[in-house]
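Below: coords.txt (compact mmCIF, C-alpha atoms)
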# COMPACT_ATOMS: atom_id res chain seq x y z
CA MET A 1 33.47 97.79 106.21
CA LEU A 2 30.56 100.21 106.69
CA GLU A 3 28.67 99.67 103.45
CA ASN A 4 25.65 98.31 105.37
CA PHE A 5 25.68 101.11 107.94
CA LYS A 6 24.02 104.49 108.15
CA THR A 7 26.07 107.44 109.37
CA ASN A 8 24.47 110.02 111.61
CA TYR A 9 25.27 112.77 114.09
CA PHE A 10 23.85 113.27 117.56
CA TYR A 11 24.23 116.12 120.04
CA SER A 12 24.80 115.02 123.63
CA THR A 13 23.41 116.85 126.65
CA GLN A 14 26.81 118.51 127.07
CA GLY A 15 26.62 119.90 123.54
CA PHE A 16 29.08 117.60 121.77
CA ARG A 17 28.29 116.42 118.26
CA ILE A 18 28.93 112.67 118.15
CA LEU A 19 29.40 110.79 114.89
CA TYR A 20 27.94 107.29 114.95
CA HIS A 21 27.13 104.41 112.62
CA THR A 22 24.39 101.80 112.95
CA ASN A 23 23.14 98.90 110.88
CA PHE A 24 19.62 99.24 112.34
CA LYS A 25 16.86 101.75 112.95
CA SER A 26 15.96 102.48 116.55
CA SER A 27 12.32 101.94 115.61
CA ASP A 28 13.21 98.31 114.80
CA LEU A 29 14.62 97.57 118.27
CA LEU A 30 12.69 95.22 120.49
CA ASN A 31 12.92 95.40 124.28
CA ASN A 32 15.18 92.35 124.52
CA ASP A 33 17.44 93.18 121.56
CA ARG A 34 21.12 93.25 122.44
CA VAL A 35 23.21 95.77 120.53
CA LEU A 36 26.94 95.33 120.05
CA VAL A 37 28.69 98.56 121.09
CA PHE A 38 32.35 98.85 120.08
CA ASN A 39 34.73 101.05 122.13
CA TYR A 40 38.15 101.54 120.55
CA GLY A 41 41.49 102.29 122.20
CA LEU A 42 43.73 105.27 122.85
CA VAL A 43 43.90 107.50 119.72
CA CYS A 44 42.63 104.58 117.68
CA SER A 45 39.57 104.28 115.44
CA ASN A 46 36.89 101.82 114.41
CA SER A 47 39.30 100.47 111.78
CA HIS A 48 40.64 98.22 114.55
CA TRP A 49 37.31 96.38 114.32
CA GLU A 50 37.38 95.92 110.55
CA LYS A 51 37.30 92.11 110.82
CA GLN A 52 34.69 91.98 113.58
CA ILE A 53 32.07 94.32 112.14
CA PRO A 54 31.22 92.39 108.93
CA PHE A 55 31.34 89.07 110.82
CA PHE A 56 28.72 90.07 113.39
CA HIS A 57 26.68 92.03 110.85
CA ALA A 58 26.41 88.89 108.71
CA LEU A 59 25.12 87.01 111.74
CA GLY A 60 22.32 89.53 112.15
CA TYR A 61 23.58 91.43 115.18
CA LYS A 62 22.62 95.04 115.61
CA ILE A 63 25.77 97.18 115.90
CA LEU A 64 26.60 100.67 117.14
CA LEU A 65 29.92 102.32 116.28
CA HIS A 66 30.73 105.76 117.65
CA ASP A 67 33.57 108.25 117.74
CA TYR A 68 34.47 109.80 121.07
CA ARG A 69 34.36 113.56 121.57
CA PHE A 70 37.54 115.23 120.21
CA HIS A 71 37.93 112.31 117.74
CA PHE A 72 37.57 112.61 113.96
CA SER A 73 34.18 114.05 112.93
CA SER A 74 32.86 114.22 116.47
CA SER A 75 33.20 117.73 117.83
CA SER A 76 35.71 119.22 120.26
CA SER A 77 35.72 122.25 122.53
CA ASP A 78 38.18 125.02 123.28
CA SER A 79 39.46 123.13 126.32
CA ILE A 80 41.31 119.81 126.12
CA ASP A 81 40.15 119.22 129.71
CA ASP A 82 36.73 118.35 128.26
CA CYS A 83 38.31 115.28 126.68
CA ASN A 84 37.80 112.90 129.60
CA PHE A 85 36.28 109.54 130.48
CA LYS A 86 33.33 111.06 132.32
CA GLY A 87 32.37 113.10 129.27
CA ILE A 88 32.90 110.24 126.81
CA ILE A 89 30.66 107.97 128.88
CA ASN A 90 28.06 110.72 129.21
CA ASP A 91 27.99 111.10 125.41
CA LEU A 92 27.67 107.33 124.92
CA HIS A 93 24.85 107.05 127.45
CA ASP A 94 22.98 109.95 125.83
CA LEU A 95 23.42 108.32 122.43
CA MET A 96 22.14 104.96 123.67
CA ASN A 97 19.13 106.69 125.17
CA GLU A 98 18.49 108.49 121.89
CA LEU A 99 18.63 105.20 119.98
CA LYS A 100 16.53 103.45 122.66
CA ILE A 101 19.24 100.88 123.34
CA SER A 102 18.35 99.32 126.68
CA ASN A 103 20.50 96.19 126.39
CA SER A 104 24.07 96.12 125.08
CA ILE A 105 27.06 93.87 124.61
CA MET A 106 30.07 96.14 124.99
CA ILE A 107 33.36 95.27 123.34
CA GLY A 108 36.37 97.34 124.36
CA HIS A 109 40.00 97.29 123.30
CA SER A 110 42.90 98.84 125.24
CA MET A 111 41.59 102.20 126.55
CA GLY A 112 38.16 101.04 125.38
CA VAL A 113 38.33 98.54 128.25
CA ASN A 114 38.37 101.48 130.67
CA ILE A 115 35.38 103.02 128.92
CA THR A 116 33.52 99.70 128.98
CA LEU A 117 34.24 98.97 132.64
CA GLU A 118 33.25 102.46 133.75
CA TYR A 119 30.02 102.27 131.77
CA ALA A 120 29.22 98.81 133.21
CA TYR A 121 29.88 100.13 136.71
CA ARG A 122 27.60 103.15 136.27
CA TYR A 123 24.85 101.53 134.22
CA PRO A 124 24.92 97.75 134.86
CA GLU A 125 21.27 97.44 133.88
CA ARG A 126 22.19 98.52 130.34
CA VAL A 127 25.00 95.98 129.80
CA ASP A 128 24.20 92.32 129.19
CA SER A 129 27.85 91.30 128.88
CA MET A 130 31.24 92.74 127.95
CA VAL A 131 34.38 91.71 126.09
CA LEU A 132 37.60 93.24 127.39
CA ILE A 133 40.59 93.01 125.03
CA SER A 134 44.16 93.94 126.03
CA GLY A 135 43.16 96.37 128.74
CA THR A 136 44.74 97.60 131.96
CA VAL A 137 43.25 98.99 135.16
CA LEU A 138 46.70 100.06 136.35
CA PRO A 139 48.31 103.27 135.07
CA PRO A 140 49.77 102.47 131.63
CA GLN A 141 52.74 104.72 132.40
CA ASP A 142 53.77 102.19 135.05
CA ILE A 143 53.36 98.98 133.08
CA MET A 144 53.59 99.61 129.32
CA PHE A 145 56.24 97.37 127.78
CA ASP A 146 56.66 95.98 131.34
CA THR A 147 58.61 99.08 132.41
CA ASN A 148 57.88 102.55 133.75
CA THR A 149 59.60 104.16 130.76
CA MET A 150 56.42 105.99 129.74
CA GLU A 151 56.23 107.61 133.16
CA LEU A 152 59.79 108.87 132.73
CA ILE A 153 59.50 110.17 129.18
CA THR A 154 55.99 111.66 129.30
CA PRO A 155 57.19 114.94 130.91
CA TYR A 156 59.73 115.33 128.09
CA ILE A 157 57.03 114.72 125.47
CA GLU A 158 54.86 117.35 127.14
CA TRP A 159 57.80 119.79 127.27
CA PHE A 160 58.60 119.27 123.59
CA SER A 161 54.94 119.65 122.64
CA ASN A 162 54.62 122.92 124.58
CA THR A 163 57.98 124.32 123.45
CA TYR A 164 57.86 123.34 119.78
CA PRO A 165 54.16 122.82 119.02
CA LYS A 166 54.45 123.17 115.23
CA ILE A 167 57.31 120.68 114.97
CA HIS A 168 55.54 118.26 117.32
CA GLU A 169 52.34 118.47 115.29
CA LYS A 170 54.23 117.96 112.03
CA LEU A 171 55.95 114.85 113.38
CA TRP A 172 52.64 113.58 114.70
CA THR A 173 50.69 114.03 111.47
CA THR A 174 53.34 112.65 109.10
CA SER A 175 54.75 109.72 111.10
CA TYR A 176 52.73 107.26 109.01
CA LEU A 177 54.94 108.14 106.02
CA ASN A 178 58.09 107.02 107.82
CA PRO A 179 58.76 103.30 107.21
CA VAL A 180 61.06 103.08 110.25
CA ILE A 181 58.36 104.38 112.60
CA ARG A 182 55.76 102.12 110.99
CA PHE A 183 58.08 99.15 111.50
CA MET A 184 58.57 100.03 115.17
CA VAL A 185 54.81 100.37 115.74
CA ARG A 186 54.12 97.11 113.90
CA LYS A 187 56.81 95.21 115.78
CA GLY A 188 55.85 96.62 119.17
CA GLY A 189 52.07 96.35 118.97
CA PHE A 190 51.12 93.75 116.36
CA ASN A 191 51.93 90.24 115.14
CA MET A 192 54.17 91.08 112.18
CA GLU A 193 53.40 87.81 110.41
CA LYS A 194 49.67 88.46 110.49
CA VAL A 195 49.27 92.23 110.17
CA PRO A 196 50.62 93.88 106.98
CA ASP A 197 52.34 97.25 106.75
CA GLU A 198 49.31 98.63 104.91
CA PHE A 199 47.17 98.14 108.02
CA ILE A 200 49.72 100.05 110.11
CA GLN A 201 49.89 102.87 107.59
CA ILE A 202 46.10 103.35 107.68
CA TYR A 203 46.10 103.10 111.47
CA MET A 204 48.85 105.71 111.87
CA LYS A 205 47.38 108.00 109.24
CA ARG A 206 44.14 108.09 111.23
CA ILE A 207 46.11 108.83 114.40
CA GLY A 208 47.64 111.79 112.59
CA GLU A 209 44.15 113.20 112.00
CA LEU A 210 43.78 113.72 115.75
CA SER A 211 45.38 116.40 117.87
CA PRO A 212 48.53 115.14 119.64
CA ASP A 213 47.15 116.72 122.82
CA ILE A 214 44.45 114.03 122.90
CA PHE A 215 47.04 111.29 123.39
CA LEU A 216 48.60 112.92 126.43
CA LYS A 217 45.25 113.90 127.92
CA LEU A 218 43.68 110.45 127.62
CA LEU A 219 46.89 108.74 128.74
CA ASN A 220 46.58 110.80 131.91
CA GLU A 221 42.89 109.85 132.15
CA MET A 222 43.95 106.19 132.17
CA LYS A 223 46.48 106.95 134.88
CA GLU A 224 43.89 108.66 137.06
CA HIS A 225 41.09 106.17 136.39
CA ASP A 226 40.13 104.60 139.73
CA ILE A 227 38.16 101.62 138.41
CA ALA A 228 40.53 98.98 139.88
CA GLY A 229 39.08 99.36 143.36
CA ARG A 230 35.51 99.09 142.05
CA LEU A 231 35.85 95.96 139.90
CA SER A 232 34.32 93.69 142.53
CA ALA A 233 31.12 95.74 142.33
CA ILE A 234 30.72 94.94 138.61
CA LYS A 235 28.60 91.81 138.21
CA VAL A 236 28.25 91.94 134.42
CA LYS A 237 29.61 88.79 132.81
CA ALA A 238 32.92 89.40 131.06
CA LEU A 239 35.21 87.72 128.57
CA VAL A 240 38.78 88.91 129.12
CA ILE A 241 41.07 88.49 126.10
CA GLY A 242 44.82 88.97 125.89
CA GLY A 243 47.61 88.05 123.51
CA ASP A 244 50.43 86.00 125.00
CA LYS A 245 52.92 88.10 122.99
CA ASP A 246 51.40 91.46 123.98
CA GLN A 247 54.41 93.71 124.47
CA VAL A 248 52.34 96.80 125.29
CA ILE A 249 50.14 95.48 128.12
CA PRO A 250 51.71 92.45 129.90
CA ASN A 251 49.40 89.49 130.41
CA TYR A 252 49.37 89.68 134.20
CA LEU A 253 47.12 92.72 133.82
CA GLN A 254 44.42 90.37 132.50
CA ASP A 255 44.81 88.26 135.64
CA ILE A 256 43.85 91.29 137.72
CA LEU A 257 40.60 91.57 135.80
CA ILE A 258 39.87 87.87 136.17
CA ASP A 259 40.61 87.93 139.89
CA ARG A 260 38.41 90.94 140.65
CA LEU A 261 35.53 90.57 138.18
CA GLU A 262 33.19 88.07 139.79
CA ASN A 263 31.61 86.77 136.59
CA SER A 264 34.52 86.56 134.15
CA GLU A 265 36.50 84.12 132.03
CA LEU A 266 39.88 84.37 130.32
CA TYR A 267 40.97 83.69 126.77
CA ILE A 268 44.67 84.01 125.95
CA VAL A 269 45.53 84.09 122.25
CA LYS A 270 48.66 82.18 121.29
CA ASP A 271 51.05 84.48 119.40
CA GLY A 272 48.56 87.31 119.89
CA SER A 273 49.82 90.88 120.18
CA HIS A 274 48.26 93.93 121.78
CA VAL A 275 45.67 93.86 118.98
CA PRO A 276 44.73 90.17 118.77
CA GLN A 277 41.49 90.95 116.95
CA ALA A 278 43.65 92.09 114.01
CA ASP A 279 46.16 89.23 114.33
CA PHE A 280 43.69 86.35 114.49
CA PRO A 281 40.23 87.69 113.62
CA GLU A 282 38.65 84.32 112.86
CA SER A 283 39.44 82.77 116.24
CA ILE A 284 38.65 86.00 118.12
CA ASN A 285 35.31 86.34 116.35
CA GLN A 286 34.36 82.75 117.10
CA ARG A 287 35.36 83.05 120.75
CA ILE A 288 33.35 86.25 121.21
CA PHE A 289 30.38 84.67 119.43
CA GLN A 290 30.49 81.61 121.68
CA PHE A 291 30.68 83.79 124.77
CA ILE A 292 27.79 86.10 123.97
CA GLU A 293 25.55 83.23 122.80
CA LYS A 294 25.97 81.14 125.94
How does this structure look as structure tokens?
Amino acid sequence: MLENFKTNYFYSTQGFRILYHTNFKSSDLLNNDRVLVFNYGLVCSNSHWEKQIPFFHALGYKILLHDYRFHFSSSSSDSIDDCNFKGIINDLHDLMNELKISNSIMIGHSMGVNITLEYAYRYPERVDSMVLISGTVLPPQDIMFDTNTMELITPYIEWFSNTYPKIHEKLWTTSYLNPVIRFMVRKGGFNMEKVPDEFIQIYMKRIGELSPDIFLKLLNEMKEHDIAGRLSAIKVKALVIGGDKDQVIPNYLQDILIDRLENSELYIVKDGSHVPQADFPESINQRIFQFIEK
């Protein structure tokens, strides 16, 4: 997936080392060049874009992939409180400045939608357009799986994590080896006819490389994110994508984005799950391409 990319590190103004990949040199950028910036979801990775990256690279698009602070080879700090949206966006903005990216097309999935929206709100002059896939501007604890179950069980997860940290970490890091858990993740978040078990195993193995504290911290960041009341101030054109079989984020959440984002359009993927770009990459790629080339 990254054979045509160069891997580098960058230190943000807040001292975090950020791992990033590009298929271009900043010296090759022209003033009007648009760079595709991919923002992945909650405890996810750039593997969720494995069908999009080669497609847009082959079309000649310049691409930036990055790992958030506290994720993978990007650095962490001694305090999990530093893992927050404000810091992630600060790192991304510093990185774009370093690479001299003045014009971007941001593509966000799930929590990456929050990152994309917040960046577009703060720096609209740096975002040409944005693609928002399976996101929510309401607290996920209130709406995931169309219930408030997450709100009810999160305190118990936190209690277990604090009381039995070693057991919790062991379960977290080895869950990808359990076929029952993989089946539940695949059934709940993906189109089982389109996404093989091997994809889920890689996805969950990468999750296990992260600290379980990151999940709870960023889940709370999504809960506290106040972007919903500021959507009308975002004038950047947007393509909102959702799967009609998304069991994680119900489709009415996409209607909120369409209603409040002035310059937006909706694309609902038939039989699409929470990760429609993995279910139906060809149609998703074509729809994104059509949108950004209008």
Contact residues around Leu132 in chain A with all atoms listed in the file at 7 Å, ignoring same-chain residues under 4 positions, as a list in words: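 My list of contacting residues is Ile107, Gly108, His109, Val113, Leu239, Val240 and Ile241 of chain A.
With all atoms listed in the file as the basis for measurement, A:Asp91 is the residue among A:Glu169, A:Asp91, A:Asp213, A:Asp81 that approaches Tyr20 in chain A most closely.
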Contacts of range 221-224 of chain A at 7 Å (all atoms listed in the file; same-chain gap of 6+ positions) as number ranges by chain: A: 84-85, 139-140
Å distance separating CA of Phe145 in chain A from CA of Val248 in chain A, one decimal place: 4.7 Å
Pairwise distance for CA of Glu282 in chain A and CA of Gln52 in chain A, rounded to one decimal in Å: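 Value for the CA of Glu282 in chain A-CA of Gln52 in chain A distance: 8.7 Å.
For range 55-57 of chain A, the list of residues within 9 Å, based on all atoms listed in the file and with local chain neighbours fewer than 3 positions off taken out, reads A:Asn4, A:Asn23, A:Leu36, A:Lys51, A:Gln52, A:Gly60, A:Tyr61, A:Lys62, A:Ile63, A:Glu282, A:Asn285, A:Phe289.
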With a distance cut-off of 10 Å and only C-alpha atoms, select the neighbouring residues of Ile207 in chain A, excluding the residue or stretch itself and same-chain residues fewer than 2 positions from it, and output the selection as a PDB file with C-alpha atoms, in the coordinates of the input.
ATOM      1  CA  LEU A  42      43.730 105.270 122.850  1.00  0.00           C
ATOM      2  CA  VAL A  43      43.900 107.500 119.720  1.00  0.00           C
ATOM      3  CA  CYS A  44      42.630 104.580 117.680  1.00  0.00           C
ATOM      4  CA  SER A  45      39.570 104.280 115.440  1.00  0.00           C
ATOM      5  CA  HIS A  71      37.930 112.310 117.740  1.00  0.00           C
ATOM      6  CA  PHE A  72      37.570 112.610 113.960  1.00  0.00           C
ATOM      7  CA  TRP A 172      52.640 113.580 114.700  1.00  0.00           C
ATOM      8  CA  THR A 173      50.690 114.030 111.470  1.00  0.00           C
ATOM      9  CA  THR A 174      53.340 112.650 109.100  1.00  0.00           C
ATOM     10  CA  SER A 175      54.750 109.720 111.100  1.00  0.00           C
ATOM     11  CA  TYR A 176      52.730 107.260 109.010  1.00  0.00           C
ATOM     12  CA  GLN A 201      49.890 102.870 107.590  1.00  0.00           C
ATOM     13  CA  ILE A 202      46.100 103.350 107.680  1.00  0.00           C
ATOM     14  CA  TYR A 203      46.100 103.100 111.470  1.00  0.00           C
ATOM     15  CA  MET A 204      48.850 105.710 111.870  1.00  0.00           C
ATOM     16  CA  LYS A 205      47.380 108.000 109.240  1.00  0.00           C
ATOM     17  CA  GLU A 209      44.150 113.200 112.000  1.00  0.00           C
ATOM     18  CA  LEU A 210      43.780 113.720 115.750  1.00  0.00           C
ATOM     19  CA  SER A 211      45.380 116.400 117.870  1.00  0.00           C
ATOM     20  CA  PRO A 212      48.530 115.140 119.640  1.00  0.00           C
ATOM     21  CA  PHE A 215      47.040 111.290 123.390  1.00  0.00           C
TER      22      PHE A 215
END
Non-local contacts of Glu98 in chain A (10 Å; all atoms listed in the file; under 5 positions in same chain excluded) as an NGL selection string: :A and (10-12 or 26 or 92-93)
Å distance separating CA of Gly112 in chain A from CA of Lys217 in chain A, one decimal place: 14.9 Å
